[in-house]
file run.cif (mmCIF, C-alpha atoms)
data_target
#
loop_
_atom_site.group_PDB
_atom_site.id
_atom_site.type_symbol
_atom_site.label_atom_id
_atom_site.label_comp_id
_atom_site.auth_asym_id
_atom_site.auth_seq_id
_atom_site.Cartn_x
_atom_site.Cartn_y
_atom_site.Cartn_z
ATOM 1 C CA MET A 224 0.000 0.000 0.000
ATOM 2 C CA SER A 225 1.665 3.185 -1.115
ATOM 3 C CA ALA A 226 2.139 6.145 1.207
ATOM 4 C CA PHE A 227 1.319 9.641 0.077
ATOM 5 C CA ARG A 228 1.571 13.108 1.595
ATOM 6 C CA ARG A 229 -1.187 15.666 2.028
ATOM 7 C CA GLY A 230 -1.468 18.699 4.236
ATOM 8 C CA GLY A 231 1.923 18.080 5.821
ATOM 9 C CA GLN A 232 0.992 14.659 7.221
ATOM 10 C CA GLU A 233 2.089 11.372 5.720
ATOM 11 C CA SER A 234 -0.580 8.681 5.861
ATOM 12 C CA ARG A 235 -1.590 5.358 4.347
ATOM 13 C CA GLY A 236 -4.927 4.778 2.655
ATOM 14 C CA GLY A 237 -7.417 1.991 3.223
ATOM 15 C CA ALA A 238 -7.364 1.785 7.029
ATOM 16 C CA GLY A 239 -10.480 0.273 8.678
ATOM 17 C CA LEU A 240 -12.840 2.440 10.734
ATOM 18 C CA PRO A 241 -14.428 1.751 14.132
ATOM 19 C CA SER A 242 -18.087 0.799 14.465
ATOM 20 C CA THR A 243 -18.999 4.231 15.866
ATOM 21 C CA ILE A 244 -17.543 7.616 14.938
ATOM 22 C CA ARG A 245 -18.093 11.145 16.251
ATOM 23 C CA LEU A 246 -18.355 13.933 13.659
ATOM 24 C CA LEU A 247 -18.328 17.706 14.053
ATOM 25 C CA SER A 248 -18.980 20.497 11.548
ATOM 26 C CA TYR A 249 -17.931 24.019 12.561
ATOM 27 C CA ASN A 250 -17.671 27.367 10.802
ATOM 28 C CA ILE A 251 -14.999 28.920 13.034
ATOM 29 C CA GLN A 252 -15.017 32.389 11.382
ATOM 30 C CA MET A 253 -11.204 32.544 11.321
ATOM 31 C CA GLY A 254 -11.093 32.204 15.110
ATOM 32 C CA VAL A 255 -12.927 35.517 15.621
ATOM 33 C CA ASP A 256 -15.164 35.432 18.707
ATOM 34 C CA THR A 257 -18.314 37.320 17.663
ATOM 35 C CA THR A 258 -20.957 37.871 20.354
ATOM 36 C CA SER A 259 -23.335 40.375 18.708
ATOM 37 C CA TYR A 260 -24.148 41.941 15.342
ATOM 38 C CA ARG A 261 -22.315 45.054 16.512
ATOM 39 C CA ASP A 262 -19.075 43.059 16.601
ATOM 40 C CA TYR A 263 -19.169 42.697 12.804
ATOM 41 C CA PHE A 264 -18.516 46.452 12.622
ATOM 42 C CA THR A 265 -16.446 47.166 15.719
ATOM 43 C CA GLN A 266 -14.234 44.075 15.312
ATOM 44 C CA GLY A 267 -14.249 43.740 11.536
ATOM 45 C CA TRP A 268 -10.518 44.512 11.473
ATOM 46 C CA LYS A 269 -9.888 41.107 13.093
ATOM 47 C CA HIS A 270 -10.736 39.491 9.745
ATOM 48 C CA LEU A 271 -7.877 41.411 8.130
ATOM 49 C CA LEU A 272 -5.100 41.631 10.735
ATOM 50 C CA PRO A 273 -3.505 39.226 13.249
ATOM 51 C CA HIS A 274 -4.297 39.595 16.951
ATOM 52 C CA ARG A 275 -3.630 37.683 20.179
ATOM 53 C CA ALA A 276 -7.287 37.053 20.930
ATOM 54 C CA ARG A 277 -7.529 34.899 17.775
ATOM 55 C CA MET A 278 -4.956 32.405 19.022
ATOM 56 C CA ARG A 279 -6.587 32.204 22.455
ATOM 57 C CA ASN A 280 -9.923 31.491 20.795
ATOM 58 C CA LEU A 281 -8.383 28.883 18.474
ATOM 59 C CA ASN A 282 -6.985 27.120 21.546
ATOM 60 C CA ARG A 283 -10.493 26.995 23.025
ATOM 61 C CA ILE A 284 -11.811 25.590 19.741
ATOM 62 C CA ALA A 285 -9.041 22.960 19.721
ATOM 63 C CA ALA A 286 -10.100 21.816 23.192
ATOM 64 C CA LEU A 287 -13.596 21.190 21.818
ATOM 65 C CA LEU A 288 -12.355 19.383 18.691
ATOM 66 C CA HIS A 289 -10.239 16.990 20.757
ATOM 67 C CA GLY A 290 -13.271 14.850 21.587
ATOM 68 C CA PHE A 291 -14.172 14.010 17.958
ATOM 69 C CA ASP A 292 -12.998 11.568 15.284
ATOM 70 C CA MET A 293 -13.564 13.700 12.163
ATOM 71 C CA VAL A 294 -14.074 17.456 11.923
ATOM 72 C CA SER A 295 -15.146 19.642 8.989
ATOM 73 C CA LEU A 296 -14.014 23.278 9.303
ATOM 74 C CA GLN A 297 -15.194 26.271 7.314
ATOM 75 C CA GLU A 298 -13.819 29.830 7.212
ATOM 76 C CA VAL A 299 -10.234 28.927 8.014
ATOM 77 C CA ASP A 300 -7.052 30.514 6.667
ATOM 78 C CA ALA A 301 -4.157 28.555 5.174
ATOM 79 C CA GLY A 302 -1.467 30.934 6.429
ATOM 80 C CA SER A 303 -1.517 34.637 5.564
ATOM 81 C CA LEU A 304 -1.120 38.044 7.194
ATOM 82 C CA ARG A 305 -4.503 37.981 8.914
ATOM 83 C CA SER A 306 -3.748 34.682 10.664
ATOM 84 C CA GLY A 307 -0.190 35.647 11.538
ATOM 85 C CA PHE A 308 0.912 33.273 8.736
ATOM 86 C CA VAL A 309 -0.429 30.319 10.723
ATOM 87 C CA ASP A 310 -2.166 27.578 8.741
ATOM 88 C CA ILE A 311 -5.233 27.280 10.986
ATOM 89 C CA THR A 312 -6.176 23.756 9.867
ATOM 90 C CA GLU A 313 -2.681 22.503 10.635
ATOM 91 C CA TYR A 314 -2.564 24.417 13.931
ATOM 92 C CA LEU A 315 -5.857 22.934 15.156
ATOM 93 C CA ALA A 316 -4.825 19.454 14.022
ATOM 94 C CA HIS A 317 -1.649 19.591 16.099
ATOM 95 C CA ARG A 318 -3.300 21.306 19.052
ATOM 96 C CA ALA A 319 -6.179 18.772 19.163
ATOM 97 C CA ALA A 320 -3.867 15.794 18.409
ATOM 98 C CA PHE A 321 -5.317 14.814 15.022
ATOM 99 C CA PRO A 322 -2.722 12.792 13.066
ATOM 100 C CA HIS A 323 -4.325 13.490 9.658
ATOM 101 C CA TRP A 324 -5.425 16.842 8.285
ATOM 102 C CA TYR A 325 -6.414 18.105 4.853
ATOM 103 C CA ARG A 326 -7.194 21.577 3.563
ATOM 104 C CA GLN A 327 -8.614 23.154 0.427
ATOM 105 C CA ILE A 328 -7.664 26.717 -0.529
ATOM 106 C CA ASN A 329 -10.637 28.259 -2.315
ATOM 107 C CA ARG A 330 -9.475 31.863 -2.651
ATOM 108 C CA ASN A 331 -5.789 32.777 -2.561
ATOM 109 C CA ILE A 332 -5.046 36.496 -2.191
ATOM 110 C CA GLY A 333 -1.342 35.904 -1.679
ATOM 111 C CA PRO A 334 0.026 37.151 1.658
ATOM 112 C CA ILE A 335 -3.225 38.955 2.509
ATOM 113 C CA ALA A 336 -5.654 36.009 2.835
ATOM 114 C CA ARG A 337 -5.919 32.329 1.915
ATOM 115 C CA HIS A 338 -9.575 31.371 2.379
ATOM 116 C CA SER A 339 -9.883 27.626 3.003
ATOM 117 C CA ASN A 340 -11.915 24.638 4.094
ATOM 118 C CA GLY A 341 -10.291 22.181 6.491
ATOM 119 C CA PHE A 342 -10.782 18.583 7.577
ATOM 120 C CA LEU A 343 -9.265 16.780 10.583
ATOM 121 C CA SER A 344 -9.318 13.010 11.077
ATOM 122 C CA ARG A 345 -8.137 10.340 13.495
ATOM 123 C CA PHE A 346 -7.977 7.944 10.525
ATOM 124 C CA PRO A 347 -6.116 8.181 7.201
ATOM 125 C CA ALA A 348 -8.139 8.792 4.047
ATOM 126 C CA ALA A 349 -7.690 6.699 0.933
ATOM 127 C CA GLU A 350 -8.752 9.529 -1.379
ATOM 128 C CA VAL A 351 -9.207 13.289 -1.043
ATOM 129 C CA SER A 352 -10.707 15.162 -4.005
ATOM 130 C CA HIS A 353 -11.070 18.941 -4.269
ATOM 131 C CA TYR A 354 -13.904 20.531 -6.246
ATOM 132 C CA LYS A 355 -14.373 24.168 -7.164
ATOM 133 C CA LEU A 356 -18.062 24.949 -6.848
ATOM 134 C CA PRO A 357 -19.851 26.832 -9.637
ATOM 135 C CA ALA A 358 -21.726 30.137 -9.456
ATOM 136 C CA ALA A 359 -19.705 31.893 -6.725
ATOM 137 C CA PRO A 360 -15.937 32.481 -6.531
ATOM 138 C CA GLY A 361 -14.047 31.140 -3.551
ATOM 139 C CA ARG A 362 -16.429 28.289 -2.686
ATOM 140 C CA GLY A 363 -15.344 24.670 -2.683
ATOM 141 C CA ALA A 364 -15.986 21.135 -1.484
ATOM 142 C CA MET A 365 -13.737 18.267 -0.430
ATOM 143 C CA VAL A 366 -14.764 14.638 -0.899
ATOM 144 C CA ILE A 367 -12.909 12.300 1.467
ATOM 145 C CA ARG A 368 -13.109 8.510 1.105
ATOM 146 C CA PHE A 369 -11.982 6.002 3.725
ATOM 147 C CA GLY A 370 -11.380 3.051 1.411
ATOM 148 C CA SER A 371 -10.971 2.424 -2.301
ATOM 149 C CA HIS A 372 -13.968 0.095 -2.702
ATOM 150 C CA ARG A 373 -17.432 1.289 -3.742
ATOM 151 C CA GLN A 374 -18.957 0.782 -0.271
ATOM 152 C CA ALA A 375 -16.306 2.920 1.461
ATOM 153 C CA PHE A 376 -17.463 5.534 3.971
ATOM 154 C CA THR A 377 -17.371 8.940 2.244
ATOM 155 C CA LEU A 378 -17.691 12.509 3.491
ATOM 156 C CA CYS A 379 -18.264 15.710 1.555
ATOM 157 C CA CYS A 380 -17.220 18.905 3.355
ATOM 158 C CA ALA A 381 -18.565 22.094 1.785
ATOM 159 C CA HIS A 382 -19.146 25.809 2.234
ATOM 160 C CA LEU A 383 -21.867 27.120 -0.068
ATOM 161 C CA ALA A 384 -22.733 30.538 -1.499
ATOM 162 C CA LEU A 385 -24.788 33.187 0.278
ATOM 163 C CA GLY A 386 -27.190 33.605 -2.662
ATOM 164 C CA ARG A 387 -30.004 31.135 -3.381
ATOM 165 C CA ARG A 388 -29.296 30.829 -7.107
ATOM 166 C CA GLY A 389 -25.653 30.123 -6.423
ATOM 167 C CA ARG A 390 -26.555 27.447 -3.880
ATOM 168 C CA GLU A 391 -28.966 25.831 -6.338
ATOM 169 C CA ARG A 392 -26.206 25.444 -8.935
ATOM 170 C CA GLN A 393 -23.710 24.245 -6.354
ATOM 171 C CA LEU A 394 -26.045 21.627 -4.885
ATOM 172 C CA ALA A 395 -27.025 20.401 -8.349
ATOM 173 C CA PHE A 396 -23.324 19.987 -9.111
ATOM 174 C CA LEU A 397 -22.663 18.154 -5.845
ATOM 175 C CA SER A 398 -25.627 15.821 -6.336
ATOM 176 C CA GLU A 399 -23.943 14.584 -9.538
ATOM 177 C CA VAL A 400 -20.506 14.275 -7.913
ATOM 178 C CA LEU A 401 -21.936 12.293 -4.970
ATOM 179 C CA ALA A 402 -24.374 10.083 -6.870
ATOM 180 C CA ASP A 403 -22.466 6.803 -6.520
ATOM 181 C CA TYR A 404 -21.570 6.810 -2.804
ATOM 182 C CA PRO A 405 -23.882 4.523 -0.775
ATOM 183 C CA HIS A 406 -22.471 5.446 2.689
ATOM 184 C CA LEU A 407 -22.278 9.234 2.552
ATOM 185 C CA VAL A 408 -22.168 12.218 4.903
ATOM 186 C CA VAL A 409 -22.395 15.836 3.701
ATOM 187 C CA MET A 410 -21.325 18.370 6.306
ATOM 188 C CA GLY A 411 -20.634 22.084 6.380
ATOM 189 C CA ASP A 412 -22.045 25.582 6.202
ATOM 190 C CA LEU A 413 -24.740 25.362 3.513
ATOM 191 C CA ASN A 414 -26.017 28.906 4.178
ATOM 192 C CA ALA A 415 -29.654 27.774 4.010
ATOM 193 C CA ASP A 416 -32.196 26.163 6.301
ATOM 194 C CA CYS A 417 -32.848 22.459 5.764
ATOM 195 C CA ARG A 418 -36.397 23.357 4.691
ATOM 196 C CA ALA A 419 -35.154 25.670 1.914
ATOM 197 C CA PRO A 420 -36.252 24.471 -1.562
ATOM 198 C CA GLU A 421 -32.674 24.004 -2.827
ATOM 199 C CA ILE A 422 -31.760 21.915 0.242
ATOM 200 C CA ARG A 423 -34.924 19.819 -0.122
ATOM 201 C CA ARG A 424 -34.154 19.136 -3.789
ATOM 202 C CA PHE A 425 -30.610 18.108 -2.879
ATOM 203 C CA ILE A 426 -31.910 15.742 -0.191
ATOM 204 C CA ILE A 427 -34.326 14.129 -2.659
ATOM 205 C CA ARG A 428 -31.619 13.721 -5.335
ATOM 206 C CA THR A 429 -29.060 12.183 -2.962
ATOM 207 C CA GLY A 430 -31.318 10.229 -0.603
ATOM 208 C CA LEU A 431 -29.803 11.945 2.430
ATOM 209 C CA HIS A 432 -31.649 13.138 5.527
ATOM 210 C CA GLU A 433 -31.069 15.741 8.267
ATOM 211 C CA PRO A 434 -31.133 14.288 11.816
ATOM 212 C CA ALA A 435 -31.186 17.681 13.607
ATOM 213 C CA CYS A 436 -33.283 19.923 11.379
ATOM 214 C CA ASP A 437 -34.976 21.729 14.285
ATOM 215 C CA GLN A 438 -31.802 22.962 16.029
ATOM 216 C CA PRO A 439 -30.609 26.441 14.859
ATOM 217 C CA THR A 440 -26.915 27.314 14.574
ATOM 218 C CA PHE A 441 -26.780 31.013 13.599
ATOM 219 C CA PRO A 442 -26.088 33.521 15.027
ATOM 220 C CA SER A 443 -24.323 31.842 17.916
ATOM 221 C CA TRP A 444 -25.432 34.380 20.568
ATOM 222 C CA ARG A 445 -29.140 34.032 19.657
ATOM 223 C CA PRO A 446 -29.528 31.200 17.123
ATOM 224 C CA VAL A 447 -32.606 31.391 14.909
ATOM 225 C CA ARG A 448 -31.431 29.753 11.634
ATOM 226 C CA LYS A 449 -30.170 26.250 10.886
ATOM 227 C CA ILE A 450 -27.533 26.868 8.194
ATOM 228 C CA ASP A 451 -24.857 24.415 9.416
ATOM 229 C CA HIS A 452 -25.659 20.809 8.584
ATOM 230 C CA ILE A 453 -24.657 17.185 8.763
ATOM 231 C CA LEU A 454 -26.704 15.180 6.241
ATOM 232 C CA VAL A 455 -26.425 11.383 6.208
ATOM 233 C CA SER A 456 -27.356 8.397 4.038
ATOM 234 C CA GLU A 457 -30.209 6.154 5.126
ATOM 235 C CA SER A 458 -27.672 3.304 5.334
ATOM 236 C CA LEU A 459 -25.965 4.996 8.319
ATOM 237 C CA THR A 460 -27.446 4.871 11.822
ATOM 238 C CA THR A 461 -27.588 8.101 13.817
ATOM 239 C CA VAL A 462 -26.798 7.513 17.489
ATOM 240 C CA GLU A 463 -26.870 11.166 18.548
ATOM 241 C CA SER A 464 -27.226 14.501 16.776
ATOM 242 C CA LYS A 465 -27.221 17.950 18.350
ATOM 243 C CA VAL A 466 -26.016 21.530 18.112
ATOM 244 C CA LEU A 467 -23.458 22.408 20.774
ATOM 245 C CA ASP A 468 -23.596 25.599 22.815
ATOM 246 C CA TYR A 469 -19.979 26.634 22.181
ATOM 247 C CA SER A 470 -20.031 30.235 20.980
ATOM 248 C CA PHE A 471 -16.398 30.653 19.883
ATOM 249 C CA SER A 472 -17.588 31.896 16.466
ATOM 250 C CA ASP A 473 -20.716 33.467 14.996
ATOM 251 C CA HIS A 474 -21.863 29.889 14.206
ATOM 252 C CA LEU A 475 -22.546 27.023 16.600
ATOM 253 C CA PRO A 476 -20.972 23.614 15.888
ATOM 254 C CA VAL A 477 -23.049 20.579 14.882
ATOM 255 C CA GLN A 478 -22.232 17.179 16.374
ATOM 256 C CA LEU A 479 -23.246 13.772 15.033
ATOM 257 C CA THR A 480 -22.452 10.272 16.293
ATOM 258 C CA LEU A 481 -22.840 7.530 13.665
ATOM 259 C CA ALA A 482 -22.882 3.745 13.710
ATOM 260 C CA LEU A 483 -21.258 2.414 10.534
ATOM 261 C CA PRO A 484 -22.180 -0.837 8.774
ATOM 262 C CA GLU A 485 -19.392 -3.345 8.262
ATOM 263 C CA SER A 486 -19.298 -2.674 4.517
ATOM 264 C CA ALA A 487 -18.503 1.006 5.151
ATOM 265 C CA ARG A 488 -15.878 0.304 7.813
ATOM 266 C CA ALA A 489 -13.681 -2.195 6.036
ATOM 267 C CA GLY A 490 -10.383 -1.007 4.644
ATOM 268 C CA GLU A 491 -9.248 -2.555 1.378
ATOM 269 C CA PRO A 492 -5.641 -3.499 0.628
ATOM 270 C CA GLY A 493 -3.915 -2.296 -2.506
ATOM 271 C CA PRO A 494 -3.127 1.099 -4.026
ATOM 272 C CA THR A 495 -5.316 4.053 -3.174
ATOM 273 C CA VAL A 496 -7.680 5.542 -5.720
ATOM 274 C CA ALA A 497 -5.978 8.935 -5.664
ATOM 275 C CA ALA A 498 -3.592 11.017 -3.609
ATOM 276 C CA ASP A 499 -5.197 14.296 -2.576
ATOM 277 C CA ARG A 500 -6.167 15.092 -6.147
ATOM 278 C CA ALA A 501 -7.607 18.433 -7.159
ATOM 279 C CA VAL A 502 -10.484 18.266 -9.611
ATOM 280 C CA GLU A 503 -10.760 21.211 -11.978
ATOM 281 C CA ASN A 504 -14.315 21.948 -13.105
ATOM 282 C CA ALA A 505 -15.693 23.920 -15.986
ATOM 283 C CA VAL A 506 -17.612 26.618 -14.118
#
call {"tool": "encode", "arguments": {"input": "run.cif", "output": "C-alpha cells"}}
result
Amino acid sequence: MSAFRRGGQESRGGAGLPSTIRLLSYNIQMGVDTTSYRDYFTQGWKHLLPHRARMRNLNRIAALLHGFDMVSLQEVDAGSLRSGFVDITEYLAHRAAFPHWYRQINRNIGPIARHSNGFLSRFPAAEVSHYKLPAAPGRGAMVIRFGSHRQAFTLCCAHLALGRRGRERQLAFLSEVLADYPHLVVMGDLNADCRAPEIRRFIIRTGLHEPACDQPTFPSWRPVRKIDHILVSESLTTVESKVLDYSFSDHLPVQLTLALPESARAGEPGPTVAADRAVENAV
C-alpha cells in the first residue's frame, strides 16, 4: 500500500474504521469570537489583521475538537497576514492531536488572505478530491473517502454561497458528484435552512436526511437559523445529533455520532484511488 503526503501529514490509505464515529462540523469564522451583530462592525478589522485574541480562541476551539474523530471546518485561513501566517487547519490538528489533516484553498489572495476549508481526522483517508463549486468564486468542497472500494465511507465537506441561485447550482453539481456513494455524509455551512427548496431538492436527489433539522446554529449568541448541517445516508445509523452551545464563532458547531455498517468500515488493501487530487471543473 503506497504512502502519500497531504497537508503536511504522511498517511496510508485503506485503514479500517471503528463501528462508531463522532463527527463535528464548525464554521470557526477565522477564530474571531463574535458575540453580537455590533461586533461585525467594531471588530471587523480582526478578519484582516492578526491579533492575540484569535490564538486564544483557536486554543479553546481545539479543546472542543479533541473529543471528535472527524471534523469539517469552514472559514479557516491557510497561512496569511490575517492569521499571523499560521495555517489554521494545521494548527488545530496539532493542538487537538489529530494525526491526519487536509485543507482546500478556495481563494488565494497571496500574503493577505488564503480562504480555506479544512478537515481533521483520526484515521487516514484513501482519497481526497477537491472541487471548485460553480456560481460563486471562492467556494469549494472536499470529498474524502476512507477506502478504495465502492462501499467505502465517504464525506463531503462544503461551504456554499450566500445567494439562493448560487446554492442551487452548487447543490445540483454536488448531487452529480456524490451520486455513486452509498455510505455518505455531507457536512458544512450550507447557508440555508434544511427546509429551503434548494436543500430539499438536494436531499431528494441524494437520498440523504437531516437528523437535527430543528436545532438552529446562527447567530451563535441568539440562534434562529439552521444553516450548518450534517446530512447522512439512510444506510448509516444516527446515534446522537445535536447543536453544541460553544459560541467561539458566529456559528454554533453541529455534532453527530454515527454507527457504521461493516461494509462502510472495512479497509481494502492495494493502491489508493488517488492522492489528494484536485479536480478542476468547468464553471
call {"tool": "resolve_selection", "arguments": {"input": "run.cif", "expression": "the PyMOL selection byres ((chain A and resi 326-333) around 7)", "output": "PyMOL selection string"}}
result
chain A and resi 230+301+312+324-325+334-342+353+361-363
call {"tool": "residues_around", "arguments": {"input": "run.cif", "residues": "segment 408-416 of chain A", "least_positions_apart": "2", "cutoff": "6 Å", "atoms": "all atoms listed in the file", "output": "MDAnalysis selection string"}}
result
chainID A and resid 248 378:383 385 418:419 449:455
call {"tool": "resolve_selection", "arguments": {"input": "run.cif", "expression": "the PyMOL selection byres ((chain A and resi 476) around 9)", "output": "ChimeraX atom specification"}}
result
/A:247-251,440,451,465-470,472,474-475,477-478
call {"tool": "write_last_selection", "arguments": {"input": "run.cif", "atoms": "C-alpha atoms", "output": "PDB file, keeping the file's coordinate frame"}}
result
ATOM      1  CA  LEU A 247     -18.328  17.706  14.053  1.00  0.00           C
ATOM      2  CA  SER A 248     -18.980  20.497  11.548  1.00  0.00           C
ATOM      3  CA  TYR A 249     -17.931  24.019  12.561  1.00  0.00           C
ATOM      4  CA  ASN A 250     -17.671  27.367  10.802  1.00  0.00           C
ATOM      5  CA  ILE A 251     -14.999  28.920  13.034  1.00  0.00           C
ATOM      6  CA  THR A 440     -26.915  27.314  14.574  1.00  0.00           C
ATOM      7  CA  ASP A 451     -24.857  24.415   9.416  1.00  0.00           C
ATOM      8  CA  LYS A 465     -27.221  17.950  18.350  1.00  0.00           C
ATOM      9  CA  VAL A 466     -26.016  21.530  18.112  1.00  0.00           C
ATOM     10  CA  LEU A 467     -23.458  22.408  20.774  1.00  0.00           C
ATOM     11  CA  ASP A 468     -23.596  25.599  22.815  1.00  0.00           C
ATOM     12  CA  TYR A 469     -19.979  26.634  22.181  1.00  0.00           C
ATOM     13  CA  SER A 470     -20.031  30.235  20.980  1.00  0.00           C
ATOM     14  CA  SER A 472     -17.588  31.896  16.466  1.00  0.00           C
ATOM     15  CA  HIS A 474     -21.863  29.889  14.206  1.00  0.00           C
ATOM     16  CA  LEU A 475     -22.546  27.023  16.600  1.00  0.00           C
ATOM     17  CA  VAL A 477     -23.049  20.579  14.882  1.00  0.00           C
ATOM     18  CA  GLN A 478     -22.232  17.179  16.374  1.00  0.00           C
TER      19      GLN A 478
END
call {"tool": "atom_distance", "arguments": {"input": "run.cif", "atom1": "atom CA of Leu315 of chain A", "atom2": "atom CA of Val255 of chain A"}}
result
14.4 Å
call {"tool": "residues_around", "arguments": {"input": "run.cif", "residues": "Leu459 of chain A", "least_positions_apart": "6", "cutoff": "7 Å", "atoms": "only C-alpha atoms", "output": "list in words"}}
result
His406, Leu481, Ala482, Leu483 and Pro484 of chain A
call {"tool": "residues_near_point", "arguments": {"input": "run.cif", "point": "(-18.3, 1.6, -1.1)", "cutoff": "9 Å", "atoms": "only C-alpha atoms", "output": "list in words"}}
result
Arg368, Gly370, Ser371, His372, Arg373, Gln374, Ala375, Phe376, Thr377, Asp403, Tyr404, Pro405, His406, Ser486 and Ala487 of chain A
call {"tool": "resolve_selection", "arguments": {"input": "run.cif", "expression": "the PyMOL selection byres ((chain A and resi 431) around 7)", "output": "ChimeraX atom specification"}}
result
/A:426,429-430,432,454-457
call {"tool": "closest_residue", "arguments": {"input": "run.cif", "among": "A:Asp473, A:Phe321, A:His289, A:Ala316", "to": "Met253 of chain A", "atoms": "only C-alpha atoms"}}
result
A:Asp473
call {"tool": "atom_distance", "arguments": {"input": "run.cif", "atom1": "atom CA of Arg275 of chain A", "atom2": "atom CA of Asp256 of chain A"}}
result
11.8 Å
call {"tool": "closest_residue", "arguments": {"input": "run.cif", "among": "A:Ser443, A:Phe425, A:Cys417, A:Leu407", "to": "Glu391 of chain A", "atoms": "all atoms listed in the file"}}
result
A:Phe425
call {"tool": "residues_around", "arguments": {"input": "run.cif", "residues": "Ser398 of chain A", "least_positions_apart": "2", "cutoff": "8 Å", "atoms": "only C-alpha atoms", "output": "NGL selection string"}}
result
:A and (394-396 or 400-402 or 425 or 428-429)
